[in-house]
>>> print(open('upload39.pdb').read())   # PDB, C-alpha atoms
ATOM      1  CA  MET T   1      -8.545 -29.610  16.757
ATOM      2  CA  ASN T   2      -9.094 -33.336  16.325
ATOM      3  CA  PRO T   3      -5.750 -35.021  15.317
ATOM      4  CA  VAL T   4      -7.317 -36.567  12.202
ATOM      5  CA  LEU T   5      -8.595 -33.175  11.023
ATOM      6  CA  GLU T   6      -5.274 -31.558  11.913
ATOM      7  CA  HIS T   7      -3.420 -34.153   9.795
ATOM      8  CA  TYR T   8      -5.897 -33.624   6.960
ATOM      9  CA  LEU T   9      -5.432 -29.857   7.138
ATOM     10  CA  GLU T  10      -1.629 -29.868   7.428
ATOM     11  CA  LYS T  11      -0.762 -32.782   5.136
ATOM     12  CA  VAL T  12      -3.554 -34.163   2.955
ATOM     13  CA  LEU T  13      -5.135 -30.923   1.709
ATOM     14  CA  LEU T  14      -1.729 -29.375   1.096
ATOM     15  CA  TYR T  15      -0.603 -32.448  -0.881
ATOM     16  CA  ARG T  16      -3.761 -32.446  -2.993
ATOM     17  CA  LEU T  17      -3.632 -28.700  -3.683
ATOM     18  CA  TYR T  18       0.069 -28.893  -4.526
ATOM     19  CA  ALA T  19      -0.722 -31.663  -7.046
ATOM     20  CA  LEU T  20      -2.864 -29.161  -8.968
ATOM     21  CA  SER T  21       0.259 -27.174  -9.868
ATOM     22  CA  ILE T  22       1.873 -30.283 -11.317
ATOM     23  CA  PHE T  23      -1.399 -31.006 -13.135
ATOM     24  CA  LYS T  24      -1.314 -27.543 -14.775
ATOM     25  CA  ILE T  25       2.290 -27.997 -15.875
ATOM     26  CA  ALA T  26       1.542 -31.426 -17.368
ATOM     27  CA  LEU T  27      -1.477 -30.021 -19.224
ATOM     28  CA  SER T  28       0.618 -27.189 -20.646
ATOM     29  CA  PHE T  29       3.135 -29.710 -21.965
ATOM     30  CA  VAL T  30       0.361 -31.760 -23.602
ATOM     31  CA  GLU T  31      -0.928 -28.565 -25.224
ATOM     32  CA  GLN T  32       2.495 -27.836 -26.665
ATOM     33  CA  TYR T  33       3.518 -31.434 -27.434
ATOM     34  CA  PRO T  34       0.320 -33.454 -28.071
ATOM     35  CA  GLN T  35       2.269 -36.528 -29.210
ATOM     36  CA  GLY T  36       4.824 -36.168 -26.436
ATOM     37  CA  GLY T  37       8.502 -35.364 -26.731
ATOM     38  CA  LEU T  38      11.746 -36.652 -25.326
ATOM     39  CA  TYR T  39      12.633 -35.680 -21.766
ATOM     40  CA  GLU T  40      15.518 -36.040 -19.358
ATOM     41  CA  CYS T  41      15.139 -35.754 -15.600
ATOM     42  CA  TYR T  42      18.123 -34.845 -13.471
ATOM     43  CA  VAL T  43      18.299 -35.213  -9.706
ATOM     44  CA  ASP T  44      21.212 -33.488  -7.999
ATOM     45  CA  GLY T  45      22.856 -33.005 -11.389
ATOM     46  CA  LYS T  46      22.657 -36.675 -12.326
ATOM     47  CA  LEU T  47      20.505 -38.055 -15.146
ATOM     48  CA  LYS T  48      17.973 -40.380 -13.492
ATOM     49  CA  LEU T  49      15.177 -40.740 -16.049
ATOM     50  CA  LYS T  50      14.786 -40.220 -19.762
ATOM     51  CA  GLY T  51      12.250 -41.186 -22.373
ATOM     52  CA  LYS T  52       8.992 -39.972 -23.864
ATOM     53  CA  SER T  53       7.371 -37.114 -21.956
ATOM     54  CA  THR T  54       4.045 -38.948 -21.757
ATOM     55  CA  ALA T  55       5.663 -41.142 -19.072
ATOM     56  CA  ILE T  56       5.565 -38.029 -16.882
ATOM     57  CA  THR T  57       2.560 -36.106 -18.197
ATOM     58  CA  ASN T  58       0.002 -38.926 -18.342
ATOM     59  CA  PRO T  59       0.231 -39.973 -14.666
ATOM     60  CA  SER T  60       0.400 -36.310 -13.592
ATOM     61  CA  ILE T  61      -2.799 -35.555 -15.506
ATOM     62  CA  GLU T  62      -4.574 -38.647 -14.204
ATOM     63  CA  MET T  63      -3.680 -37.814 -10.612
ATOM     64  CA  GLY T  64      -4.580 -34.163 -11.180
ATOM     65  CA  LEU T  65      -8.038 -35.240 -12.291
ATOM     66  CA  ILE T  66      -8.466 -37.422  -9.211
ATOM     67  CA  HIS T  67      -7.211 -34.704  -6.844
ATOM     68  CA  SER T  68      -9.521 -32.158  -8.511
ATOM     69  CA  ARG T  69     -12.493 -34.450  -8.010
ATOM     70  CA  VAL T  70     -11.612 -35.149  -4.360
ATOM     71  CA  LEU T  71     -11.047 -31.456  -3.594
ATOM     72  CA  LEU T  72     -14.347 -30.450  -5.189
ATOM     73  CA  GLU T  73     -16.152 -33.199  -3.260
ATOM     74  CA  PHE T  74     -14.471 -31.943  -0.080
ATOM     75  CA  LEU T  75     -16.057 -28.550  -0.797
ATOM     76  CA  GLY T  76     -19.447 -30.187  -1.425
ATOM     77  CA  LEU T  77     -19.595 -30.448  -5.233
ATOM     78  CA  LYS T  78     -19.820 -33.391  -7.613
ATOM     79  CA  ALA T  79     -21.007 -34.197 -11.133
ATOM     80  CA  ASN T  80     -24.138 -36.158 -11.915
ATOM     81  CA  LYS T  81     -24.683 -38.634 -14.761
ATOM     82  CA  ALA T  82     -25.775 -35.806 -17.061
ATOM     83  CA  ILE T  83     -22.306 -34.256 -16.545
ATOM     84  CA  ALA T  84     -23.740 -31.338 -14.605
ATOM     85  CA  LEU T  85     -22.445 -29.895 -11.351
ATOM     86  CA  CYS T  86     -24.517 -30.725  -8.289
ATOM     87  CA  ALA T  87     -24.268 -30.913  -4.503
ATOM     88  CA  ALA T  88     -22.287 -33.788  -3.012
ATOM     89  CA  THR T  89     -23.386 -35.640   0.088
ATOM     90  CA  PRO T  90     -20.410 -36.985   2.026
ATOM     91  CA  ARG T  91     -20.447 -40.501   3.464
ATOM     92  CA  LYS T  92     -20.134 -40.849   7.237
ATOM     93  CA  THR T  93     -16.396 -41.593   6.983
ATOM     94  CA  ASP T  94     -15.602 -38.776   4.521
ATOM     95  CA  ILE T  95     -13.730 -35.719   5.674
ATOM     96  CA  SER T  96     -15.338 -32.672   4.139
ATOM     97  CA  ILE T  97     -15.511 -28.945   4.653
ATOM     98  CA  GLU T  98     -18.368 -29.616   7.076
ATOM     99  CA  SER T  99     -15.962 -31.680   9.238
ATOM    100  CA  PHE T 100     -14.258 -28.351   9.990
ATOM    101  CA  GLY T 101     -17.539 -26.662  10.937
ATOM    102  CA  LEU T 102     -17.876 -24.819   7.633
ATOM    103  CA  PRO T 103     -20.817 -24.977   5.209
ATOM    104  CA  LYS T 104     -20.638 -26.748   1.875
ATOM    105  CA  VAL T 105     -19.914 -24.553  -1.122
ATOM    106  CA  SER T 106     -23.011 -24.086  -3.268
ATOM    107  CA  ILE T 107     -22.916 -24.177  -7.056
ATOM    108  CA  ALA T 108     -23.574 -20.420  -7.130
ATOM    109  CA  GLU T 109     -20.679 -19.818  -4.713
ATOM    110  CA  ALA T 110     -18.387 -22.032  -6.796
ATOM    111  CA  LEU T 111     -19.219 -20.063  -9.930
ATOM    112  CA  ALA T 112     -19.143 -16.573  -8.359
ATOM    113  CA  PRO T 113     -15.351 -16.019  -8.710
ATOM    114  CA  CYS T 114     -15.348 -17.268 -12.317
ATOM    115  CA  LYS T 115     -14.912 -14.431 -14.772
ATOM    116  CA  GLY T 116     -16.805 -14.863 -18.012
ATOM    117  CA  ASP T 117     -19.250 -17.570 -19.019
ATOM    118  CA  LYS T 118     -20.640 -19.184 -15.831
ATOM    119  CA  GLU T 119     -22.245 -22.013 -17.810
ATOM    120  CA  LYS T 120     -18.872 -22.880 -19.330
ATOM    121  CA  ALA T 121     -17.273 -22.771 -15.871
ATOM    122  CA  MET T 122     -19.937 -25.138 -14.513
ATOM    123  CA  ARG T 123     -19.336 -27.533 -17.446
ATOM    124  CA  SER T 124     -15.583 -27.362 -16.794
ATOM    125  CA  PHE T 125     -16.019 -28.421 -13.168
ATOM    126  CA  ALA T 126     -18.388 -31.227 -14.144
ATOM    127  CA  GLN T 127     -16.224 -32.335 -17.073
ATOM    128  CA  THR T 128     -13.158 -32.565 -14.826
ATOM    129  CA  ILE T 129     -14.988 -34.623 -12.194
ATOM    130  CA  THR T 130     -16.457 -36.870 -14.892
ATOM    131  CA  ALA T 131     -13.020 -37.376 -16.463
ATOM    132  CA  ALA T 132     -11.680 -38.531 -13.087
ATOM    133  CA  ASN T 133     -14.437 -41.145 -13.037
ATOM    134  CA  LYS T 134     -14.467 -42.142 -16.705
ATOM    135  CA  LEU T 135     -10.801 -41.765 -17.735
ATOM    136  CA  VAL T 136      -9.006 -42.781 -14.575
ATOM    137  CA  ALA T 137     -11.224 -44.679 -12.141
ATOM    138  CA  HIS T 138     -12.964 -46.765 -14.817
ATOM    139  CA  SER T 139     -12.029 -48.017 -18.262
ATOM    140  CA  THR T 140     -14.397 -46.286 -20.640
ATOM    141  CA  ASP T 141     -14.144 -44.750 -24.085
ATOM    142  CA  THR T 142     -16.588 -41.921 -23.552
ATOM    143  CA  ILE T 143     -14.090 -39.143 -22.801
ATOM    144  CA  GLU T 144     -11.392 -37.765 -25.087
ATOM    145  CA  MET T 145      -8.394 -35.606 -24.272
ATOM    146  CA  ASP T 146      -8.887 -32.771 -26.732
ATOM    147  CA  HIS T 147      -8.330 -28.992 -26.554
ATOM    148  CA  GLU T 148     -11.765 -28.414 -25.024
ATOM    149  CA  ALA T 149     -11.049 -30.969 -22.291
ATOM    150  CA  ILE T 150      -7.605 -29.525 -21.580
ATOM    151  CA  ASP T 151      -9.098 -26.017 -21.341
ATOM    152  CA  SER T 152     -11.727 -27.328 -18.901
ATOM    153  CA  TYR T 153      -9.126 -29.053 -16.740
ATOM    154  CA  LEU T 154      -6.917 -25.942 -16.719
ATOM    155  CA  MET T 155      -9.860 -23.741 -15.698
ATOM    156  CA  CYS T 156     -10.836 -26.171 -12.970
ATOM    157  CA  CYS T 157      -7.366 -26.622 -11.474
ATOM    158  CA  SER T 158      -6.932 -22.838 -11.445
ATOM    159  CA  ALA T 159     -10.350 -22.286  -9.823
ATOM    160  CA  ILE T 160     -10.053 -24.869  -7.042
ATOM    161  CA  PRO T 161      -7.352 -22.980  -5.062
ATOM    162  CA  VAL T 162      -9.437 -19.797  -5.326
ATOM    163  CA  LEU T 163     -12.449 -21.652  -3.905
ATOM    164  CA  PHE T 164     -10.355 -23.134  -1.109
ATOM    165  CA  ASN T 165      -9.005 -19.733  -0.183
ATOM    166  CA  LEU T 166     -12.459 -18.090  -0.191
ATOM    167  CA  HIS T 167     -14.484 -20.870   1.440
ATOM    168  CA  PHE T 168     -12.006 -22.767   3.591
ATOM    169  CA  TYR T 169      -8.760 -20.981   4.470
ATOM    170  CA  ILE T 170     -10.153 -17.451   5.017
ATOM    171  CA  PRO T 171     -13.119 -18.682   7.134
ATOM    172  CA  MET T 172     -10.684 -20.835   9.163
ATOM    173  CA  GLY T 173      -8.517 -17.729   9.746
ATOM    174  CA  LEU T 174      -5.609 -19.320   7.860
ATOM    175  CA  SER T 175      -3.417 -18.165   5.015
ATOM    176  CA  MET T 176      -3.713 -19.996   1.720
ATOM    177  CA  PRO T 177      -0.603 -22.167   1.369
ATOM    178  CA  ASP T 178       1.814 -21.536  -1.493
ATOM    179  CA  ILE T 179       1.108 -24.416  -3.844
ATOM    180  CA  GLU T 180       3.018 -23.255  -6.902
ATOM    181  CA  ILE T 181       6.060 -25.287  -7.873
ATOM    182  CA  GLU T 182       9.181 -24.084  -9.588
ATOM    183  CA  SER T 183       9.367 -25.275 -13.161
ATOM    184  CA  GLU T 184      10.046 -24.081 -16.634
ATOM    185  CA  ARG T 185       6.542 -24.338 -17.968
ATOM    186  CA  ALA T 186       5.793 -25.200 -21.537
ATOM    187  CA  THR T 187       4.037 -22.390 -23.316
ATOM    188  CA  PRO T 188       0.627 -23.232 -24.766
ATOM    189  CA  LYS T 189       0.128 -22.969 -28.535
ATOM    190  CA  SER T 190      -1.078 -19.570 -29.704
TER     191      SER T 190
END
>>> encode(input="upload39.pdb", output="C-alpha cells")
Amino acid sequence: MNPVLEHYLEKVLLYRLYALSIFKIALSFVEQYPQGGLYECYVDGKLKLKGKSTAITNPSIEMGLIHSRVLLEFLGLKANKAIALCAATPRKTDISIESFGLPKVSIAEALAPCKGDKEKAMRSFAQTITAANKLVAHSTDTIEMDHEAIDSYLMCCSAIPVLFNLHFYIPMGLSMPDIEIESERATPKS
C-alpha cells in the first residue's frame, strides 16, 4: 500500500473516528447541562483544569462536526445548498474511499442501515455537514444548537462508524477499530 494511504488508514481515519466518541460525550453533556456547568479535569491525580464545562464541550462539538463532515466526504457524501444529502466529488488531492479502490457510498447505501425514518436520517447527515460549514468554518447566524440539531448530530456520529465498517473496513478485509473512549457519560434528559 502507498505510504500516504497507509498513514491515512492507520492514523488519520482512526483519529477522526475516535473524535466522534468525544463528540457524542460532549453532546450528551450539552443535553443535560444546556447552560454548562462547572468542571474539574485531573491528570494523574492532579487538578490541571477547572472552569465552565463549555470550555470543553464547545470545541469538542465543533471538531466533531468538522470530523463528521470530512468522514462523510471521504465516503462520497456532502450536503448541497438546500441542506440535502448529495454525492461528493473529491478534488485531485483529496484522499477518499476511491483512493483505496473502493466505490463511493451512495445516498441509498448511507441510509440503508438507518432504522426508522430515512428522510429524517438524510436530513441529519445534511444538517451535520451544513453545521460544520455554517457554525464552524464560517461565521453565520443561520444555524442554532437546539434539541433537534443535537439529535441530528448524535444520529450522524453514531451512523458514521457503521458506514465505515460496512463500506470501508469490511471490504478492505480489516476489523473496525475500537473508537469508544472511557468516560462517565452524562445522561440525556428524559
>>> atom_distance(input="upload39.pdb", atom1="CA of Thr128 in chain T", atom2="CA of Leu65 in chain T")
6.3 Å
>>> closest_atom_pairs(input="upload39.pdb", of="range 85-146 of chain T", to="range 153-161 of chain T", cutoff="8 Å", atoms="all atoms listed in the file", output="CSV")
residue,atom,partner,partner_atom,distance
T:Cys114,CA,T:Ala159,CA,7.5
T:Ala121,CA,T:Met155,CA,7.5
T:Ser124,CA,T:Cys156,CA,6.2
T:Phe125,CA,T:Cys156,CA,5.7
T:Gln127,CA,T:Tyr153,CA,7.8
T:Thr128,CA,T:Tyr153,CA,5.7
>>> closest_residue(input="upload39.pdb", among="T:Lys134, T:Lys92, T:Lys46, T:Lys24", to="Ser60 in chain T", atoms="only C-alpha atoms")
T:Lys24
>>> resolve_selection(input="upload39.pdb", expression="the PyMOL selection byres ((chain T and resi 123) around 12)", output="ChimeraX atom specification")
/T:78-80,82-86,107,111,117-122,124-131,148-149,151-153,155-156
>>> atom_distance(input="upload39.pdb", atom1="CA of Phe168 in chain T", atom2="CA of Ala26 in chain T")
26.4 Å
>>> residues_around(input="upload39.pdb", residues="Leu77 in chain T", least_positions_apart="3", cutoff="6 Å", atoms="all atoms listed in the file", output="PyMOL selection string")
chain T and resi 72-73+86-88
>>> closest_residue(input="upload39.pdb", among="T:Gly51, T:Pro59, T:Gly76, T:Pro171", to="Ala110 in chain T", atoms="all atoms listed in the file")
T:Gly76
>>> closest_residue(input="upload39.pdb", among="T:Asn165, T:Thr57, T:Gln35, T:Ser21", to="Ile179 in chain T", atoms="only C-alpha atoms")
T:Ser21
>>> axis_aligned_box(input="upload39.pdb", around="range 15-23 of chain T", padding_each_side="5 Å", output="AutoDock Vina command-line options")
--center_x -0.9 --center_y -29.8 --center_z -7.0 --size_x 15.6 --size_y 15.3 --size_z 22.3
>>> residues_around(input="upload39.pdb", residues="Ile181 in chain T", least_positions_apart="6", cutoff="12 Å", atoms="all atoms listed in the file", output="ChimeraX atom specification")
/T:17-25
>>> write_last_selection(input="upload39.pdb", atoms="C-alpha atoms", output="compact mmCIF listing (two decimals), in the frame of the given file")
# COMPACT_ATOMS: atom_id res chain seq x y z
CA LEU T 17 -3.63 -28.70 -3.68
CA TYR T 18 0.07 -28.89 -4.53
CA ALA T 19 -0.72 -31.66 -7.05
CA LEU T 20 -2.86 -29.16 -8.97
CA SER T 21 0.26 -27.17 -9.87
CA ILE T 22 1.87 -30.28 -11.32
CA PHE T 23 -1.40 -31.01 -13.14
CA LYS T 24 -1.31 -27.54 -14.78
CA ILE T 25 2.29 -28.00 -15.88
>>> resolve_selection(input="upload39.pdb", expression="the PyMOL selection byres ((chain T and resi 13) around 10)", output="PyMOL selection string")
chain T and resi 7-12+14-19+67+70-71+74+164+177
>>> atom_distance(input="upload39.pdb", atom1="CA of Ser53 in chain T", atom2="CA of Leu38 in chain T")
5.5 Å
>>> closest_residue(input="upload39.pdb", among="T:Leu47, T:Leu5, T:Leu27, T:Met63", to="Leu135 in chain T", atoms="all atoms listed in the file")
T:Met63
>>> closest_residue(input="upload39.pdb", among="T:Ile150, T:Ser106, T:Pro113, T:Ala55", to="Val30 in chain T", atoms="all atoms listed in the file")
T:Ile150
>>> residues_around(input="upload39.pdb", residues="Pro34 in chain T", least_positions_apart="3", cutoff="10 Å", atoms="all atoms listed in the file", output="ChimeraX atom specification")
/T:27-31,37,54,145-147
>>> residues_around(input="upload39.pdb", residues="Leu102 in chain T", least_positions_apart="4", cutoff="9 Å", atoms="only C-alpha atoms", output="ChimeraX atom specification")
/T:96-98,167-168,171-172
>>> write_last_selection(input="upload39.pdb", atoms="C-alpha atoms", output="mmCIF file, keeping the file's coordinate frame")
data_model
loop_
_atom_site.group_PDB
_atom_site.id
_atom_site.type_symbol
_atom_site.label_atom_id
_atom_site.label_comp_id
_atom_site.auth_asym_id
_atom_site.auth_seq_id
_atom_site.Cartn_x
_atom_site.Cartn_y
_atom_site.Cartn_z
ATOM 1 C CA SER T 96 -15.338 -32.672 4.139
ATOM 2 C CA ILE T 97 -15.511 -28.945 4.653
ATOM 3 C CA GLU T 98 -18.368 -29.616 7.076
ATOM 4 C CA HIS T 167 -14.484 -20.870 1.440
ATOM 5 C CA PHE T 168 -12.006 -22.767 3.591
ATOM 6 C CA PRO T 171 -13.119 -18.682 7.134
ATOM 7 C CA MET T 172 -10.684 -20.835 9.163
#
